[in-house]
file target-v8.cif (mmCIF, C-alpha atoms)
data_coords
#
loop_
_atom_site.group_PDB
_atom_site.id
_atom_site.type_symbol
_atom_site.label_atom_id
_atom_site.label_comp_id
_atom_site.auth_asym_id
_atom_site.auth_seq_id
_atom_site.Cartn_x
_atom_site.Cartn_y
_atom_site.Cartn_z
ATOM 1 C CA MET A 1 67.183 102.482 107.050
ATOM 2 C CA ASP A 2 66.472 99.017 108.491
ATOM 3 C CA ARG A 3 63.307 99.973 110.369
ATOM 4 C CA GLN A 4 62.816 96.571 111.976
ATOM 5 C CA ARG A 5 66.319 96.604 113.436
ATOM 6 C CA LEU A 6 65.960 100.200 114.636
ATOM 7 C CA HIS A 7 62.572 99.387 116.144
ATOM 8 C CA ALA A 8 64.120 96.582 118.198
ATOM 9 C CA GLN A 9 66.989 98.832 119.296
ATOM 10 C CA LEU A 10 64.614 101.615 120.306
ATOM 11 C CA ASP A 11 62.274 99.234 122.155
ATOM 12 C CA ALA A 12 65.215 97.797 124.115
ATOM 13 C CA GLY A 13 66.437 101.272 125.033
ATOM 14 C CA ILE A 14 62.992 102.431 126.168
ATOM 15 C CA ALA A 15 62.643 99.277 128.264
ATOM 16 C CA ALA A 16 66.048 99.920 129.851
ATOM 17 C CA LEU A 17 64.877 103.423 130.778
ATOM 18 C CA SER A 18 61.607 102.009 132.225
ATOM 19 C CA LEU A 19 59.884 104.811 130.383
ATOM 20 C CA PRO A 20 56.121 104.570 129.799
ATOM 21 C CA LEU A 21 55.240 106.023 126.399
ATOM 22 C CA PRO A 22 51.833 106.599 124.804
ATOM 23 C CA GLN A 23 50.516 104.186 122.202
ATOM 24 C CA GLY A 24 52.161 104.674 118.824
ATOM 25 C CA ALA A 25 55.083 106.699 120.220
ATOM 26 C CA THR A 26 57.762 104.289 118.991
ATOM 27 C CA GLU A 27 56.425 104.480 115.437
ATOM 28 C CA GLN A 28 56.311 108.286 115.642
ATOM 29 C CA LEU A 29 59.908 108.377 116.884
ATOM 30 C CA LEU A 30 61.032 106.215 113.962
ATOM 31 C CA ASP A 31 59.043 108.375 111.525
ATOM 32 C CA TYR A 32 60.892 111.390 112.934
ATOM 33 C CA LEU A 33 64.198 109.585 112.474
ATOM 34 C CA ALA A 34 63.357 108.743 108.849
ATOM 35 C CA LEU A 35 62.441 112.385 108.176
ATOM 36 C CA LEU A 36 65.659 113.585 109.816
ATOM 37 C CA LEU A 37 67.714 111.193 107.695
ATOM 38 C CA ARG A 38 66.023 112.376 104.512
ATOM 39 C CA TRP A 39 66.439 116.082 105.228
ATOM 40 C CA ASN A 40 69.947 115.662 106.620
ATOM 41 C CA ALA A 41 71.277 114.694 103.209
ATOM 42 C CA ALA A 42 70.523 118.186 101.884
ATOM 43 C CA TYR A 43 70.350 120.400 104.976
ATOM 44 C CA ASN A 44 73.169 118.969 107.155
ATOM 45 C CA LEU A 45 71.039 119.135 110.303
ATOM 46 C CA THR A 46 73.195 116.770 112.357
ATOM 47 C CA ALA A 47 76.716 115.362 112.142
ATOM 48 C CA VAL A 48 75.400 111.925 113.161
ATOM 49 C CA ARG A 49 74.455 110.105 109.955
ATOM 50 C CA ASP A 50 74.287 106.438 110.961
ATOM 51 C CA PRO A 51 70.665 105.547 111.867
ATOM 52 C CA VAL A 52 71.801 103.152 114.617
ATOM 53 C CA GLN A 53 73.833 105.943 116.206
ATOM 54 C CA MET A 54 70.902 108.336 115.761
ATOM 55 C CA VAL A 55 68.665 106.056 117.831
ATOM 56 C CA THR A 56 71.205 106.153 120.657
ATOM 57 C CA ARG A 57 72.569 109.700 120.417
ATOM 58 C CA HIS A 58 69.371 111.466 119.455
ATOM 59 C CA LEU A 59 66.252 109.504 120.435
ATOM 60 C CA LEU A 60 67.365 107.682 123.592
ATOM 61 C CA ASP A 61 69.593 110.551 124.703
ATOM 62 C CA SER A 62 66.545 112.844 124.537
ATOM 63 C CA LEU A 63 64.157 110.395 126.196
ATOM 64 C CA THR A 64 66.526 109.922 129.142
ATOM 65 C CA VAL A 65 65.514 113.435 130.232
ATOM 66 C CA ALA A 66 61.747 112.772 130.064
ATOM 67 C CA PRO A 67 61.261 111.790 133.751
ATOM 68 C CA TYR A 68 62.619 115.173 134.846
ATOM 69 C CA VAL A 69 60.345 117.327 132.695
ATOM 70 C CA GLU A 70 57.405 118.829 134.586
ATOM 71 C CA GLY A 71 54.564 121.263 133.991
ATOM 72 C CA ALA A 72 52.146 121.951 131.165
ATOM 73 C CA THR A 73 54.512 123.945 128.933
ATOM 74 C CA LEU A 74 58.045 123.285 127.727
ATOM 75 C CA ALA A 75 60.424 125.422 125.670
ATOM 76 C CA ASP A 76 63.379 123.664 124.036
ATOM 77 C CA LEU A 77 65.994 126.348 123.404
ATOM 78 C CA GLY A 78 68.542 125.947 120.617
ATOM 79 C CA THR A 79 66.643 122.824 119.594
ATOM 80 C CA GLY A 80 68.469 122.353 116.263
ATOM 81 C CA PRO A 81 66.648 119.539 114.458
ATOM 82 C CA GLY A 82 64.313 119.092 117.437
ATOM 83 C CA LEU A 83 66.478 117.579 120.151
ATOM 84 C CA PRO A 84 65.375 116.854 122.786
ATOM 85 C CA GLY A 85 62.132 118.725 122.055
ATOM 86 C CA ILE A 86 60.481 116.468 119.449
ATOM 87 C CA PRO A 87 61.077 113.171 121.307
ATOM 88 C CA LEU A 88 59.816 114.870 124.489
ATOM 89 C CA ALA A 89 56.709 116.122 122.650
ATOM 90 C CA ILE A 90 56.036 112.605 121.393
ATOM 91 C CA ALA A 91 56.554 111.175 124.888
ATOM 92 C CA ALA A 92 54.051 113.596 126.489
ATOM 93 C CA PRO A 93 51.313 114.664 124.041
ATOM 94 C CA GLN A 94 49.464 116.511 126.828
ATOM 95 C CA ARG A 95 52.336 119.016 127.202
ATOM 96 C CA GLN A 96 52.664 122.059 124.918
ATOM 97 C CA VAL A 97 56.192 122.139 123.476
ATOM 98 C CA THR A 98 57.792 125.170 121.815
ATOM 99 C CA LEU A 99 60.833 124.382 119.641
ATOM 100 C CA VAL A 100 63.115 127.415 119.426
ATOM 101 C CA ASP A 101 66.009 127.958 117.031
ATOM 102 C CA SER A 102 67.450 130.937 115.161
ATOM 103 C CA ASN A 103 68.550 128.881 112.137
ATOM 104 C CA GLY A 104 66.008 129.204 109.340
ATOM 105 C CA LYS A 105 66.708 125.886 107.608
ATOM 106 C CA LYS A 106 66.414 124.002 110.905
ATOM 107 C CA VAL A 107 63.109 125.702 111.680
ATOM 108 C CA ARG A 108 61.817 124.771 108.202
ATOM 109 C CA PHE A 109 62.638 121.152 109.029
ATOM 110 C CA LEU A 110 60.976 121.466 112.451
ATOM 111 C CA ARG A 111 57.773 122.807 110.915
ATOM 112 C CA GLU A 112 57.689 119.954 108.417
ATOM 113 C CA ALA A 113 58.333 117.446 111.227
ATOM 114 C CA VAL A 114 55.498 118.898 113.334
ATOM 115 C CA ARG A 115 53.170 118.669 110.323
ATOM 116 C CA ALA A 116 54.244 115.216 109.121
ATOM 117 C CA LEU A 117 54.194 113.668 112.602
ATOM 118 C CA HIS A 118 50.833 115.283 113.497
ATOM 119 C CA LEU A 119 52.297 116.825 116.644
ATOM 120 C CA ALA A 120 49.339 118.956 117.701
ATOM 121 C CA ASN A 121 51.160 119.850 120.935
ATOM 122 C CA ALA A 122 54.309 121.249 119.282
ATOM 123 C CA ARG A 123 55.197 124.427 117.423
ATOM 124 C CA ALA A 124 58.447 125.710 115.921
ATOM 125 C CA VAL A 125 59.594 129.306 116.420
ATOM 126 C CA GLU A 126 62.429 130.966 114.512
ATOM 127 C CA ALA A 127 63.932 133.382 117.023
ATOM 128 C CA ARG A 128 66.972 134.224 119.047
ATOM 129 C CA VAL A 129 66.505 133.050 122.624
ATOM 130 C CA GLU A 130 66.879 136.547 124.083
ATOM 131 C CA ALA A 131 64.102 137.868 121.804
ATOM 132 C CA LEU A 132 61.573 135.167 122.703
ATOM 133 C CA GLU A 133 58.596 136.161 124.850
ATOM 134 C CA GLY A 134 56.421 134.272 127.301
ATOM 135 C CA GLN A 135 57.122 132.025 130.274
ATOM 136 C CA TYR A 136 57.333 128.260 130.484
ATOM 137 C CA ASP A 137 56.991 125.701 133.261
ATOM 138 C CA CYS A 138 60.062 123.851 132.018
ATOM 139 C CA ILE A 139 62.980 124.729 129.769
ATOM 140 C CA THR A 140 65.409 122.317 128.134
ATOM 141 C CA ALA A 141 68.709 123.296 126.583
ATOM 142 C CA ARG A 142 71.102 120.781 125.080
ATOM 143 C CA ALA A 143 74.575 122.257 125.718
ATOM 144 C CA PHE A 144 74.377 125.062 123.157
ATOM 145 C CA ALA A 145 76.260 127.403 125.534
ATOM 146 C CA ARG A 146 77.642 127.685 129.039
ATOM 147 C CA LEU A 147 75.086 127.779 131.857
ATOM 148 C CA ALA A 148 75.674 131.456 132.684
ATOM 149 C CA GLU A 149 75.184 132.406 129.026
ATOM 150 C CA MET A 150 72.034 130.292 128.676
ATOM 151 C CA LEU A 151 70.494 131.922 131.724
ATOM 152 C CA ALA A 152 71.521 135.434 130.662
ATOM 153 C CA TRP A 153 69.822 134.929 127.291
ATOM 154 C CA GLY A 154 66.802 132.874 128.312
ATOM 155 C CA GLY A 155 66.328 133.189 132.063
ATOM 156 C CA HIS A 156 63.331 135.507 131.549
ATOM 157 C CA LEU A 157 61.471 132.603 129.935
ATOM 158 C CA LEU A 158 61.386 130.460 133.087
ATOM 159 C CA ALA A 159 58.161 130.683 135.091
ATOM 160 C CA PRO A 160 58.581 131.592 138.801
ATOM 161 C CA GLN A 161 58.232 127.976 139.959
ATOM 162 C CA GLY A 162 59.684 126.548 136.747
ATOM 163 C CA ARG A 163 62.500 124.078 136.202
ATOM 164 C CA TRP A 164 65.469 124.578 133.862
ATOM 165 C CA LEU A 165 67.033 121.362 132.530
ATOM 166 C CA ALA A 166 70.488 121.773 131.009
ATOM 167 C CA LEU A 167 71.886 118.708 129.226
ATOM 168 C CA LYS A 168 75.650 118.423 129.591
ATOM 169 C CA GLY A 169 78.365 115.891 128.902
ATOM 170 C CA ARG A 170 80.889 115.939 131.736
ATOM 171 C CA TYR A 171 80.044 117.259 135.201
ATOM 172 C CA PRO A 172 80.240 121.053 134.714
ATOM 173 C CA ASP A 173 82.088 122.113 137.896
ATOM 174 C CA ASP A 174 83.355 125.397 136.488
ATOM 175 C CA GLU A 175 79.987 126.377 135.031
ATOM 176 C CA LEU A 176 78.145 125.695 138.292
ATOM 177 C CA ALA A 177 80.511 128.098 140.066
ATOM 178 C CA GLU A 178 79.351 130.864 137.700
ATOM 179 C CA LEU A 179 75.573 130.571 138.189
ATOM 180 C CA PRO A 180 74.038 134.060 138.127
ATOM 181 C CA ALA A 181 71.365 135.319 140.496
ATOM 182 C CA PRO A 182 68.501 134.621 140.882
ATOM 183 C CA PHE A 183 69.099 130.995 139.875
ATOM 184 C CA ARG A 184 70.108 128.127 142.147
ATOM 185 C CA LEU A 185 71.196 124.561 141.620
ATOM 186 C CA GLU A 186 68.595 121.976 142.564
ATOM 187 C CA ALA A 187 70.446 118.828 141.475
ATOM 188 C CA VAL A 188 72.844 117.265 138.996
ATOM 189 C CA HIS A 189 71.854 113.824 137.738
ATOM 190 C CA ALA A 190 74.252 111.421 136.054
ATOM 191 C CA LEU A 191 72.302 109.986 133.116
ATOM 192 C CA ARG A 192 72.736 106.532 131.646
ATOM 193 C CA VAL A 193 71.818 106.486 127.972
ATOM 194 C CA PRO A 194 71.285 102.892 126.773
ATOM 195 C CA GLY A 195 74.017 101.948 124.304
ATOM 196 C CA LEU A 196 76.094 105.083 124.866
ATOM 197 C CA ASP A 197 79.545 104.841 126.443
ATOM 198 C CA ALA A 198 79.939 108.516 127.300
ATOM 199 C CA GLU A 199 79.273 110.832 130.219
ATOM 200 C CA ARG A 200 75.924 112.590 130.365
ATOM 201 C CA HIS A 201 74.726 114.903 133.124
ATOM 202 C CA LEU A 202 71.487 116.768 133.638
ATOM 203 C CA VAL A 203 71.734 120.046 135.548
ATOM 204 C CA VAL A 204 68.455 121.061 137.211
ATOM 205 C CA LEU A 205 68.067 124.752 138.078
ATOM 206 C CA ARG A 206 65.330 126.848 139.674
ATOM 207 C CA ARG A 207 64.873 130.442 140.689
ATOM 208 C CA ALA A 208 66.230 131.188 144.159
#
call {"tool": "encode", "arguments": {"input": "target-v8.cif", "output": "structure tokens"}}
result
Amino acid sequence: MDRQRLHAQLDAGIAALSLPLPQGATEQLLDYLALLLRWNAAYNLTAVRDPVQMVTRHLLDSLTVAPYVEGATLADLGTGPGLPGIPLAIAAPQRQVTLVDSNGKKVRFLREAVRALHLANARAVEARVEALEGQYDCITARAFARLAEMLAWGGHLLAPQGRWLALKGRYPDDELAELPAPFRLEAVHALRVPGLDAERHLVVLRRA
């Protein structure tokens, strides 16, 4: 891992996003990347193995969503190795972030990442989404299922005035036609991830 090269790549991407980050955030993000690389060799947490691609597809892809996150609490459902939840927790240390996944080995990694990165505002929970309790001001979900399925499983977790952020690739016309009550579409934003030549869309939902 050529940290100096990755640092420059990450700095350029953050500048392109015009994203203000707290002091030390870039170093924390690279520490997270190093930990993910180390654990990935044994645990197969992500199919992306090239560190340069990880900066683009994991770190910058996650940070692109940061301007749309609101509220004091965030739940990242189906977070896997912590995406986008850990980068979002690093970007906003004042927000309480709950990282949710049902895969035990991924949650073990998440707990180690929270400890090693000193993320006092983050916690990892091993649970199925439908079994999770509580309500959150904002929910992120990175394309682990269709919108209707996500909302059926986790809709109870969204606070009355909360915002659901679903990260998608192509514009999900067919999925938007299936939105269940009581949820409504607020907006769909085309995202530009620095260095990534692929479609990315953010679907923003609220309660009707």
call {"tool": "closest_atom_pairs", "arguments": {"input": "target-v8.cif", "of": "range 92-179 of chain A", "to": "range 63-85 of chain A", "cutoff": "7 Å", "atoms": "only C-alpha atoms", "output": "CSV"}}
result
residue,atom,partner,partner_atom,distance
A:Arg95,CA,A:Ala72,CA,4.9
A:Gln96,CA,A:Thr73,CA,4.8
A:Val97,CA,A:Leu74,CA,4.8
A:Thr98,CA,A:Ala75,CA,4.7
A:Leu99,CA,A:Asp76,CA,5.1
A:Val100,CA,A:Leu77,CA,5.0
A:Asp101,CA,A:Gly78,CA,4.8
A:Lys106,CA,A:Pro81,CA,5.7
A:Phe109,CA,A:Pro81,CA,6.9
A:Leu110,CA,A:Pro81,CA,6.3
A:Val129,CA,A:Leu77,CA,6.8
A:Tyr136,CA,A:Thr73,CA,5.4
A:Asp137,CA,A:Gly71,CA,5.1
A:Cys138,CA,A:Leu74,CA,4.8
A:Ile139,CA,A:Ala75,CA,4.9
A:Thr140,CA,A:Asp76,CA,4.8
A:Ala141,CA,A:Leu77,CA,5.2
A:Phe144,CA,A:Gly78,CA,6.4
call {"tool": "write_last_selection", "arguments": {"input": "target-v8.cif", "atoms": "C-alpha atoms", "output": "PDB file, in the frame of the given file"}}
result
ATOM      1  CA  ARG A  95      52.336 119.016 127.202  1.00  0.00           C
ATOM      2  CA  GLN A  96      52.664 122.059 124.918  1.00  0.00           C
ATOM      3  CA  VAL A  97      56.192 122.139 123.476  1.00  0.00           C
ATOM      4  CA  THR A  98      57.792 125.170 121.815  1.00  0.00           C
ATOM      5  CA  LEU A  99      60.833 124.382 119.641  1.00  0.00           C
ATOM      6  CA  VAL A 100      63.115 127.415 119.426  1.00  0.00           C
ATOM      7  CA  ASP A 101      66.009 127.958 117.031  1.00  0.00           C
ATOM      8  CA  LYS A 106      66.414 124.002 110.905  1.00  0.00           C
ATOM      9  CA  PHE A 109      62.638 121.152 109.029  1.00  0.00           C
ATOM     10  CA  LEU A 110      60.976 121.466 112.451  1.00  0.00           C
ATOM     11  CA  VAL A 129      66.505 133.050 122.624  1.00  0.00           C
ATOM     12  CA  TYR A 136      57.333 128.260 130.484  1.00  0.00           C
ATOM     13  CA  ASP A 137      56.991 125.701 133.261  1.00  0.00           C
ATOM     14  CA  CYS A 138      60.062 123.851 132.018  1.00  0.00           C
ATOM     15  CA  ILE A 139      62.980 124.729 129.769  1.00  0.00           C
ATOM     16  CA  THR A 140      65.409 122.317 128.134  1.00  0.00           C
ATOM     17  CA  ALA A 141      68.709 123.296 126.583  1.00  0.00           C
ATOM     18  CA  PHE A 144      74.377 125.062 123.157  1.00  0.00           C
TER      19      PHE A 144
END
call {"tool": "residues_near_point", "arguments": {"input": "target-v8.cif", "point": "(54.0, 109.5, 112.9)", "cutoff": "12 Å", "atoms": "all atoms listed in the file", "output": "count of residues only"}}
result
25
call {"tool": "resolve_selection", "arguments": {"input": "target-v8.cif", "expression": "the PyMOL selection byres ((chain A and resi 132) around 10)", "output": "PDB file with C-alpha atoms, in the frame of the given file"}}
result
ATOM      1  CA  LEU A  77      65.994 126.348 123.404  1.00  0.00           C
ATOM      2  CA  VAL A 100      63.115 127.415 119.426  1.00  0.00           C
ATOM      3  CA  VAL A 125      59.594 129.306 116.420  1.00  0.00           C
ATOM      4  CA  GLU A 126      62.429 130.966 114.512  1.00  0.00           C
ATOM      5  CA  ALA A 127      63.932 133.382 117.023  1.00  0.00           C
ATOM      6  CA  ARG A 128      66.972 134.224 119.047  1.00  0.00           C
ATOM      7  CA  VAL A 129      66.505 133.050 122.624  1.00  0.00           C
ATOM      8  CA  GLU A 130      66.879 136.547 124.083  1.00  0.00           C
ATOM      9  CA  ALA A 131      64.102 137.868 121.804  1.00  0.00           C
ATOM     10  CA  GLU A 133      58.596 136.161 124.850  1.00  0.00           C
ATOM     11  CA  GLY A 134      56.421 134.272 127.301  1.00  0.00           C
ATOM     12  CA  GLN A 135      57.122 132.025 130.274  1.00  0.00           C
ATOM     13  CA  TRP A 153      69.822 134.929 127.291  1.00  0.00           C
ATOM     14  CA  GLY A 154      66.802 132.874 128.312  1.00  0.00           C
ATOM     15  CA  HIS A 156      63.331 135.507 131.549  1.00  0.00           C
ATOM     16  CA  LEU A 157      61.471 132.603 129.935  1.00  0.00           C
TER      17      LEU A 157
END
call {"tool": "closest_residue", "arguments": {"input": "target-v8.cif", "among": "A:Ala145, A:Met54, A:Leu19, A:Val193", "to": "Leu88 in chain A", "atoms": "only C-alpha atoms"}}
result
A:Leu19
call {"tool": "residues_around", "arguments": {"input": "target-v8.cif", "residues": "Pro20 in chain A", "least_positions_apart": "5", "cutoff": "9 Å", "atoms": "all atoms listed in the file", "output": "count of residues only"}}
result
3
call {"tool": "closest_residue", "arguments": {"input": "target-v8.cif", "among": "A:Leu202, A:Val55, A:Ala89, A:Leu179", "to": "Leu21 in chain A", "atoms": "all atoms listed in the file"}}
result
A:Ala89
call {"tool": "closest_residue", "arguments": {"input": "target-v8.cif", "among": "A:Leu17, A:Val52, A:Val107, A:Arg57", "to": "Gln4 in chain A", "atoms": "all atoms listed in the file"}}
result
A:Val52
